[in-house]
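> My structure is below; once you've seen it, I'll send some questions.
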Amino acid sequence: MAWNLTGDVHEFLARAGGFLRADPVANTVPLTVAEAIRRQGSGLYRTALFGWSSDGGGVAGTFMWTGAYPVLLSAMPEPAVPELAEALAGRDTRLQGVNGAPDLAEVFAEAWTRRTGARARVELRQRLHRLAGLDMPDPPPEGAARVADGGDRGLVRDWFAAFHRDAGGHGDPNPAVIEGRLAEGGVTLWEAGGRPVAMAGRTPAVAGAARVAPVYTPAEHRRRGYGAAVTAAVTRAAQEAGAAEVVLFTDLANPTSNGVYRRLGYRPVEDRVVLAFA
C-alpha cells in the first residue's frame with residue numbers, strides 16, 4: 001500500500017474525506033479537527049500533517065498528526081501500519097506517541113520503536129461512546145446551564161487547562177481551539193449559587209456527528225451531579241444544533257465518569273489506546 005502525505009487539509013479532505021465520512025462516529029476526531037483547521041486556517045496548529053493509504057481500490061486508511069498530540073490512526077489494514085511508521089520516520093518526524101485501536105497502535109509502536117530506538121508505554125486507555133437516547137438527570141442538581149461567552153474566557157481557559165492536566169496532557173491546550181469553541185457557542189457552563197461550577201464543550205457536527213469534549217468539574221464541586229447535568233445540557237444543545245449522532249470518549253481508568261455517561265444514555269462503540277514514546 002502507498003501512503004500519501006500532505007500538510008494541506010483541503011487536499012486531505014478532498015482525497016480522504018469520503019472515507020472518513022463513511023463512519024463519522026469512529027472518525028469523529030479527524031473529521032472535527034480537520035474541519036476546525038479548514039474553518040480557522042492552517043495556523044490553528046503549529047504543525048499539521050495528514051495522510052491516506054491507497055490500495056488500488058480507493059482510500060484504505062488515514063492518519064492525522066497535529067504536532068503536540070500523538071499521531072491518530074483511523075481503521076486500516078494492518079500491513080499499512082508499519083509502512084506508515086516507516087514513512088514518518090523517514091521524514092525525521094518527532095512523534096509523542098500513537099492513538100488508535102489497540103491492535104493497530106501496538107503494531108505502529110512496534111515498528112516505530114524498532115526504527116527509532118524509542119520506548120513505548122501505555123499512557124491512556126479510552127472508550128468511544130455514542131448516544132443511544134438522552135436520559136436527563138432526574139432530579140437535576142441545583143442550578144441551570146448557560147452558554148459561555150467572551151466574558152467567561154479566562155475561566156474557560158483555566159478549566160480547559162485543568163482538564164488537560166488531569167487527562168495527562170503535555171504542554172498547554174491550544175488557545176485558538178478554545179477561542180473557536182467560544183465563538184461557535186460550543187462551551188456550556190453549569191451555574192449554581194450564582195457562579196459556574198462545571199463545564200462541558202462540544203464540537204460542531206461534521207457528517208452529522210458532534211463530540212462532547214471536554215467535561216470538567218473543579219474538585220470542590222464534584223459529586224453533586226453538576227458534571228452529569230452539564231453533559232446532558234451540552235448533549236441536548238448538540239442535538240438541537242442538528243447533530244444526528246453525539247459521541248464522547250471516556251478514560252477507562254475512571255469508573256465514576258463511565259457510570260455517569262452510561263446513565264445519561266451513552267453506549268460503548270470501541271476502545272482506543274494512547275501509547276507514549278520516550
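In the C-alpha cells, each chain is lettered A, B, ... as it comes, each chain's residues begin at 1, and ligands are numbered from 1 in order of appearance.
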Quick one: residues within 10 Å of segment 174-187 of chain A, only C-alpha atoms counted, chain neighbours fewer than 5 positions away excluded, as a short mmCIF file (atom, residue, chain, number, x, y, z; two decimals) with N, CA and C atoms, in the first residue's frame?

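Output saved as result.cif:
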data_model
loop_
_atom_site.label_atom_id
_atom_site.label_comp_id
_atom_site.auth_asym_id
_atom_site.auth_seq_id
_atom_site.Cartn_x
_atom_site.Cartn_y
_atom_site.Cartn_z
N VAL A 33 -11.39 17.87 13.81
CA VAL A 33 -10.13 18.62 13.81
C VAL A 33 -9.84 19.18 12.42
N ALA A 36 -12.08 22.11 11.82
CA ALA A 36 -11.64 23.30 12.55
C ALA A 36 -10.47 23.97 11.84
N ILE A 37 -9.52 23.19 11.33
CA ILE A 37 -8.38 23.75 10.60
C ILE A 37 -8.87 24.41 9.31
N ARG A 39 -11.75 25.78 8.76
CA ARG A 39 -12.51 26.99 9.05
C ARG A 39 -11.64 28.08 9.67
N GLN A 40 -10.70 27.73 10.54
CA GLN A 40 -9.92 28.72 11.26
C GLN A 40 -8.56 29.00 10.63
N GLY A 43 -2.97 27.91 10.45
CA GLY A 43 -2.19 28.27 11.63
C GLY A 43 -2.80 27.81 12.94
N LEU A 44 -3.92 27.11 12.88
CA LEU A 44 -4.57 26.66 14.11
C LEU A 44 -3.63 25.78 14.93
N TYR A 45 -2.85 24.93 14.25
CA TYR A 45 -1.83 24.11 14.89
C TYR A 45 -0.48 24.45 14.29
N ARG A 46 0.54 24.50 15.13
CA ARG A 46 1.87 24.85 14.65
C ARG A 46 2.36 23.86 13.60
N ALA A 68 1.51 18.56 18.76
CA ALA A 68 1.54 18.35 20.20
C ALA A 68 0.81 17.08 20.63
N ARG A 146 -25.96 27.48 30.96
CA ARG A 146 -25.94 28.62 30.04
C ARG A 146 -24.73 28.49 29.13
N VAL A 147 -24.82 29.09 27.96
CA VAL A 147 -23.72 29.06 27.00
C VAL A 147 -22.66 30.08 27.42
N ALA A 148 -21.42 29.67 27.45
CA ALA A 148 -20.32 30.58 27.80
C ALA A 148 -20.11 31.60 26.69
N ASP A 149 -19.68 32.79 27.08
CA ASP A 149 -19.39 33.83 26.09
C ASP A 149 -18.03 34.44 26.37
N GLY A 150 -17.73 35.53 25.69
CA GLY A 150 -16.42 36.15 25.81
C GLY A 150 -16.07 36.57 27.22
N ASP A 152 -16.51 34.93 29.79
CA ASP A 152 -16.08 33.74 30.54
C ASP A 152 -14.72 33.23 30.05
N ARG A 153 -14.07 33.98 29.17
CA ARG A 153 -12.86 33.48 28.50
C ARG A 153 -11.80 33.01 29.50
N VAL A 156 -12.90 29.74 31.24
CA VAL A 156 -12.91 28.62 30.31
C VAL A 156 -11.49 28.17 29.99
N ARG A 157 -10.60 29.11 29.77
CA ARG A 157 -9.20 28.74 29.51
C ARG A 157 -8.60 28.00 30.69
N PHE A 160 -10.16 24.47 30.78
CA PHE A 160 -9.60 23.63 29.71
C PHE A 160 -8.22 23.15 30.12
N ALA A 161 -7.40 24.05 30.67
CA ALA A 161 -6.05 23.69 31.07
C ALA A 161 -6.07 22.68 32.22
N MET A 199 -18.30 22.56 33.52
CA MET A 199 -18.20 22.97 32.12
C MET A 199 -18.23 21.75 31.21
N ALA A 200 -18.84 21.91 30.05
CA ALA A 200 -18.76 20.89 29.01
C ALA A 200 -18.67 21.59 27.66
N GLY A 201 -17.82 21.06 26.80
CA GLY A 201 -17.68 21.60 25.46
C GLY A 201 -18.24 20.63 24.43
N ARG A 202 -18.43 21.11 23.22
CA ARG A 202 -18.86 20.26 22.11
C ARG A 202 -18.31 20.82 20.82
N THR A 203 -18.09 19.92 19.88
CA THR A 203 -17.67 20.33 18.55
C THR A 203 -18.91 20.57 17.69
N PRO A 204 -18.79 21.34 16.63
CA PRO A 204 -19.87 21.39 15.65
C PRO A 204 -20.04 20.01 15.01
N VAL A 212 -18.76 15.55 22.39
CA VAL A 212 -18.72 16.25 23.66
C VAL A 212 -17.30 16.17 24.21
N ALA A 213 -16.69 17.31 24.46
CA ALA A 213 -15.32 17.37 25.00
C ALA A 213 -14.91 18.83 25.15
N PRO A 214 -14.26 19.17 26.26
CA PRO A 214 -14.05 18.35 27.44
C PRO A 214 -15.21 18.51 28.42
N VAL A 215 -15.25 17.66 29.44
CA VAL A 215 -16.18 17.82 30.56
C VAL A 215 -15.32 17.99 31.81
N VAL A 230 -24.34 19.18 33.25
CA VAL A 230 -23.80 19.99 32.16
C VAL A 230 -23.54 19.15 30.92
N VAL A 234 -25.21 19.99 27.31
CA VAL A 234 -24.44 20.20 26.08
C VAL A 234 -24.80 19.15 25.03
N ALA A 237 -27.92 20.40 23.49
CA ALA A 237 -27.58 21.52 22.62
C ALA A 237 -27.04 21.03 21.28
N ALA A 238 -26.22 19.97 21.32
CA ALA A 238 -25.69 19.41 20.07
C ALA A 238 -26.82 18.86 19.22
#
> Quick one: everything within 10 Å of Gly58 of chain A, counting only C-alpha atoms, minus sequence neighbours fewer than 6 positions away in the same chain. Send it as JSON, numbers by chain.
{"A": [15, 16, 19, 52]}
> Write a file of the selected residues as a compact mmCIF listing (two decimals), in the first residue's frame, keeping N, CA and C atoms.

# COMPACT_ATOMS: atom_id res chain seq x y z
N ARG A 15 -9.30 14.15 -0.81
CA ARG A 15 -8.92 12.78 -1.14
C ARG A 15 -9.47 11.76 -0.16
N ALA A 16 -9.51 12.11 1.13
CA ALA A 16 -9.87 11.12 2.15
C ALA A 16 -11.17 11.45 2.88
N PHE A 19 -13.88 8.73 2.80
CA PHE A 19 -13.56 7.60 3.67
C PHE A 19 -13.92 7.92 5.12
N TRP A 52 -3.20 9.50 3.69
CA TRP A 52 -4.14 8.43 3.38
C TRP A 52 -3.39 7.35 2.61
> Taking only segment 36-206 of chain A into account, list the residues labelled strand (DSSP E) by DSSP (computed from the backbone), as an NGL selection string.
:A and (49-54 or 59-65 or 71-73 or 97-100 or 120-131 or 144-147 or 187-192 or 195-202)
> Need the shell around Gly51 of chain A: protein/DNA/RNA residues with any atom at most 6 Å away, counting only C-alpha atoms. Skip same-chain ones fewer than 2 positions apart. Format as a VMD selection string?
chain A and resid 4 to 5 62 to 63
> Name the residues in contact with segment 220-224 of chain A at a cut-off of 10 Å, using only C-alpha atoms, excluding same-chain residues fewer than 2 positions from it; report them as a VMD selection string.
chain A and resid 140 to 142 192 196 to 198 216 to 218 226 to 229 256
> To one decimal in Å, tell me the separation between atom CA of Arg263 of chain A and atom CA of Arg130 of chain A.
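Atom CA of Arg263 of chain A sits 12.6 Å away from atom CA of Arg130 of chain A.
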> Name the residues in contact with Ala75 of chain A at a cut-off of 9 Å, using only C-alpha atoms, excluding same-chain residues fewer than 4 positions from it; report them as a list in words.
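Near Ala75 of chain A, the qualifying residues are Ala26, Asn27, Ala60, Gly61, Thr62, Gly100, Ala101 and Leu104 of chain A.
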> Save the residues we just selected, all heavy atoms, as a PDB file, in the first residue's frame?

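Saved result, again_7.pdb, follows:
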ATOM      1  N   ALA A  26     -16.797   6.745  14.415  1.00  0.00           N
ATOM      2  CA  ALA A  26     -15.427   6.293  14.671  1.00  0.00           C
ATOM      3  C   ALA A  26     -14.405   7.352  14.284  1.00  0.00           C
ATOM      4  O   ALA A  26     -13.343   7.456  14.901  1.00  0.00           O
ATOM      5  CB  ALA A  26     -15.143   4.994  13.918  1.00  0.00           C
ATOM      6  N   ASN A  27     -14.722   8.161  13.283  1.00  0.00           N
ATOM      7  CA  ASN A  27     -13.770   9.164  12.777  1.00  0.00           C
ATOM      8  C   ASN A  27     -14.092  10.569  13.275  1.00  0.00           C
ATOM      9  O   ASN A  27     -13.702  11.554  12.650  1.00  0.00           O
ATOM     10  CB  ASN A  27     -13.760   9.145  11.252  1.00  0.00           C
ATOM     11  CG  ASN A  27     -13.231   7.838  10.697  1.00  0.00           C
ATOM     12  OD1 ASN A  27     -12.243   7.307  11.199  1.00  0.00           O
ATOM     13  ND2 ASN A  27     -13.876   7.307   9.671  1.00  0.00           N
ATOM     14  N   ALA A  60      -7.803   3.362   1.954  1.00  0.00           N
ATOM     15  CA  ALA A  60      -7.920   2.221   2.859  1.00  0.00           C
ATOM     16  C   ALA A  60      -7.674   2.604   4.313  1.00  0.00           C
ATOM     17  O   ALA A  60      -7.941   1.818   5.216  1.00  0.00           O
ATOM     18  CB  ALA A  60      -6.928   1.130   2.463  1.00  0.00           C
ATOM     19  N   GLY A  61      -7.154   3.811   4.551  1.00  0.00           N
ATOM     20  CA  GLY A  61      -6.880   4.254   5.910  1.00  0.00           C
ATOM     21  C   GLY A  61      -6.324   5.661   5.900  1.00  0.00           C
ATOM     22  O   GLY A  61      -5.877   6.163   4.855  1.00  0.00           O
ATOM     23  N   THR A  62      -6.354   6.330   7.062  1.00  0.00           N
ATOM     24  CA  THR A  62      -5.839   7.693   7.175  1.00  0.00           C
ATOM     25  C   THR A  62      -5.085   7.858   8.479  1.00  0.00           C
ATOM     26  O   THR A  62      -5.213   7.057   9.414  1.00  0.00           O
ATOM     27  CB  THR A  62      -6.973   8.739   7.147  1.00  0.00           C
ATOM     28  OG1 THR A  62      -7.717   8.664   8.373  1.00  0.00           O
ATOM     29  CG2 THR A  62      -7.897   8.538   5.946  1.00  0.00           C
ATOM     30  N   GLY A 100      -4.913   5.000  18.650  1.00  0.00           N
ATOM     31  CA  GLY A 100      -5.704   4.226  17.709  1.00  0.00           C
ATOM     32  C   GLY A 100      -6.280   2.990  18.349  1.00  0.00           C
ATOM     33  O   GLY A 100      -6.179   2.785  19.569  1.00  0.00           O
ATOM     34  N   ALA A 101      -6.923   2.168  17.537  1.00  0.00           N
ATOM     35  CA  ALA A 101      -7.390   0.878  18.021  1.00  0.00           C
ATOM     36  C   ALA A 101      -6.200   0.123  18.609  1.00  0.00           C
ATOM     37  O   ALA A 101      -5.083   0.211  18.087  1.00  0.00           O
ATOM     38  CB  ALA A 101      -8.016   0.088  16.877  1.00  0.00           C
ATOM     39  N   LEU A 104      -3.854  -1.864  16.192  1.00  0.00           N
ATOM     40  CA  LEU A 104      -3.115  -1.032  15.241  1.00  0.00           C
ATOM     41  C   LEU A 104      -2.071  -0.173  15.957  1.00  0.00           C
ATOM     42  O   LEU A 104      -0.946  -0.016  15.458  1.00  0.00           O
ATOM     43  CB  LEU A 104      -4.077  -0.142  14.458  1.00  0.00           C
ATOM     44  CG  LEU A 104      -5.125  -0.858  13.607  1.00  0.00           C
ATOM     45  CD1 LEU A 104      -5.972   0.162  12.854  1.00  0.00           C
ATOM     46  CD2 LEU A 104      -4.473  -1.830  12.625  1.00  0.00           C
TER      47      LEU A 104
END
> Give me the residues within 8 Å of Val206 of chain A as a PyMOL selection string, counting only C-alpha atoms and dropping any in the same chain fewer than 2 places off.
chain A and resi 24+28+31-32+35+204+208-210
> With N, CA, C and O atoms retained, export the selected residues as a PDB file, in the first residue's frame.

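Saved file again02.pdb follows:
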ATOM      1  N   PRO A  24     -18.732   8.487  10.536  1.00  0.00           N
ATOM      2  CA  PRO A  24     -18.457   9.724  11.283  1.00  0.00           C
ATOM      3  C   PRO A  24     -18.355   9.530  12.782  1.00  0.00           C
ATOM      4  O   PRO A  24     -17.789  10.380  13.470  1.00  0.00           O
ATOM      5  N   THR A  28     -14.741  10.660  14.423  1.00  0.00           N
ATOM      6  CA  THR A  28     -15.133  11.971  14.929  1.00  0.00           C
ATOM      7  C   THR A  28     -13.956  12.925  15.110  1.00  0.00           C
ATOM      8  O   THR A  28     -14.056  14.109  14.790  1.00  0.00           O
ATOM      9  N   LEU A  31     -12.334  14.142  11.657  1.00  0.00           N
ATOM     10  CA  LEU A  31     -13.312  14.975  10.957  1.00  0.00           C
ATOM     11  C   LEU A  31     -13.447  16.344  11.605  1.00  0.00           C
ATOM     12  O   LEU A  31     -13.421  17.375  10.909  1.00  0.00           O
ATOM     13  N   THR A  32     -13.589  16.382  12.927  1.00  0.00           N
ATOM     14  CA  THR A  32     -13.802  17.670  13.581  1.00  0.00           C
ATOM     15  C   THR A  32     -12.530  18.510  13.626  1.00  0.00           C
ATOM     16  O   THR A  32     -12.589  19.733  13.483  1.00  0.00           O
ATOM     17  N   GLU A  35     -11.984  19.871  10.126  1.00  0.00           N
ATOM     18  CA  GLU A  35     -12.949  20.938   9.860  1.00  0.00           C
ATOM     19  C   GLU A  35     -12.564  22.221  10.586  1.00  0.00           C
ATOM     20  O   GLU A  35     -12.692  23.324  10.033  1.00  0.00           O
ATOM     21  N   PRO A 204     -18.786  21.345  16.628  1.00  0.00           N
ATOM     22  CA  PRO A 204     -19.873  21.392  15.652  1.00  0.00           C
ATOM     23  C   PRO A 204     -20.038  20.011  15.013  1.00  0.00           C
ATOM     24  O   PRO A 204     -19.092  19.223  14.957  1.00  0.00           O
ATOM     25  N   GLY A 208     -22.804  14.882  10.396  1.00  0.00           N
ATOM     26  CA  GLY A 208     -23.900  14.526  11.275  1.00  0.00           C
ATOM     27  C   GLY A 208     -23.514  14.166  12.689  1.00  0.00           C
ATOM     28  O   GLY A 208     -24.392  13.908  13.515  1.00  0.00           O
ATOM     29  N   ALA A 209     -22.219  14.142  13.020  1.00  0.00           N
ATOM     30  CA  ALA A 209     -21.775  13.714  14.348  1.00  0.00           C
ATOM     31  C   ALA A 209     -21.043  14.847  15.071  1.00  0.00           C
ATOM     32  O   ALA A 209     -20.134  15.471  14.514  1.00  0.00           O
ATOM     33  N   ALA A 210     -21.454  15.107  16.302  1.00  0.00           N
ATOM     34  CA  ALA A 210     -20.782  16.067  17.186  1.00  0.00           C
ATOM     35  C   ALA A 210     -20.159  15.314  18.345  1.00  0.00           C
ATOM     36  O   ALA A 210     -20.639  14.251  18.737  1.00  0.00           O
TER      37      ALA A 210
END
> With distances taken over only C-alpha atoms, which residue among A:Phe108, A:Trp190, A:Trp159, A:Phe50 lies nearest Gly143 of chain A?
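So, comparing all the options, the nearest one is A:Trp190.
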> May I have the residues within 9 Å of Glu106 of chain A as a VMD selection string, using only C-alpha atoms and disregarding those fewer than 6 positions away in the same chain?
chain A and resid 98 100 273 275
> Write the residues of the selection above to a file with all heavy atoms, as a PDB file, in the first residue's frame.

ATOM      1  N   VAL A  98       1.202   7.425  19.748  1.00  0.00           N
ATOM      2  CA  VAL A  98       0.232   6.985  18.745  1.00  0.00           C
ATOM      3  C   VAL A  98      -1.094   6.728  19.438  1.00  0.00           C
ATOM      4  O   VAL A  98      -1.144   6.245  20.573  1.00  0.00           O
ATOM      5  CB  VAL A  98       0.730   5.724  18.007  1.00  0.00           C
ATOM      6  CG1 VAL A  98       0.970   4.562  18.963  1.00  0.00           C
ATOM      7  CG2 VAL A  98      -0.243   5.320  16.898  1.00  0.00           C
ATOM      8  N   GLY A 100      -4.913   5.000  18.650  1.00  0.00           N
ATOM      9  CA  GLY A 100      -5.704   4.226  17.709  1.00  0.00           C
ATOM     10  C   GLY A 100      -6.280   2.990  18.349  1.00  0.00           C
ATOM     11  O   GLY A 100      -6.179   2.785  19.569  1.00  0.00           O
ATOM     12  N   VAL A 273      -6.368   3.178  22.463  1.00  0.00           N
ATOM     13  CA  VAL A 273      -5.264   3.284  23.398  1.00  0.00           C
ATOM     14  C   VAL A 273      -4.318   4.365  22.895  1.00  0.00           C
ATOM     15  O   VAL A 273      -4.149   4.553  21.685  1.00  0.00           O
ATOM     16  CB  VAL A 273      -4.519   1.931  23.540  1.00  0.00           C
ATOM     17  CG1 VAL A 273      -3.846   1.515  22.240  1.00  0.00           C
ATOM     18  CG2 VAL A 273      -3.492   1.988  24.670  1.00  0.00           C
ATOM     19  N   LEU A 275      -0.409   5.279  23.219  1.00  0.00           N
ATOM     20  CA  LEU A 275       0.921   4.821  23.607  1.00  0.00           C
ATOM     21  C   LEU A 275       1.886   5.982  23.465  1.00  0.00           C
ATOM     22  O   LEU A 275       1.962   6.611  22.399  1.00  0.00           O
ATOM     23  CB  LEU A 275       1.361   3.646  22.723  1.00  0.00           C
ATOM     24  CG  LEU A 275       0.462   2.417  22.736  1.00  0.00           C
ATOM     25  CD1 LEU A 275       0.982   1.376  21.740  1.00  0.00           C
ATOM     26  CD2 LEU A 275       0.365   1.818  24.124  1.00  0.00           C
TER      27      LEU A 275
END
> Can you work out which one of A:Phe277, A:Arg127, A:Pro70, A:Asp166 has the shortest atom-to-atom distance to Ala111 of chain A, counting only C-alpha atoms?
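When distances to Ala111 of chain A are compared using only C-alpha atoms, the smallest one comes from A:Phe277.
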> Residues of segment 192-246 of chain A classed as alpha helix (DSSP H) by DSSP on the backbone are to be reported as number ranges by chain.
A: 226-240
> Taking into account only C-alpha atoms, which residue in the set A:Gly90, A:Pro30, A:Pro82, A:Pro77 is nearest to Trp65 of chain A?
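Ranking A:Gly90, A:Pro30, A:Pro82, A:Pro77 by distance to Trp65 of chain A, first place goes to A:Pro30.
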> Calculate how many Å separate atom CA of Ala85 of chain A from atom CA of Trp112 of chain A, rounding to one decimal.
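Straight-line distance from atom CA of Ala85 of chain A to atom CA of Trp112 of chain A works out to 5.6 Å.
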> Do you have the atom CA of Arg21 of chain A-atom CA of His164 of chain A distance handy?
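The value is 27.6 Å.
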> Choose the residue, out of A:Ala34, A:Ala48, A:Leu128, A:Val122, that has the smallest atom-to-atom separation from Asp251 of chain A; count only C-alpha atoms.
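Between A:Ala34, A:Ala48, A:Leu128, A:Val122, the residue approaching Asp251 of chain A most closely is A:Leu128.
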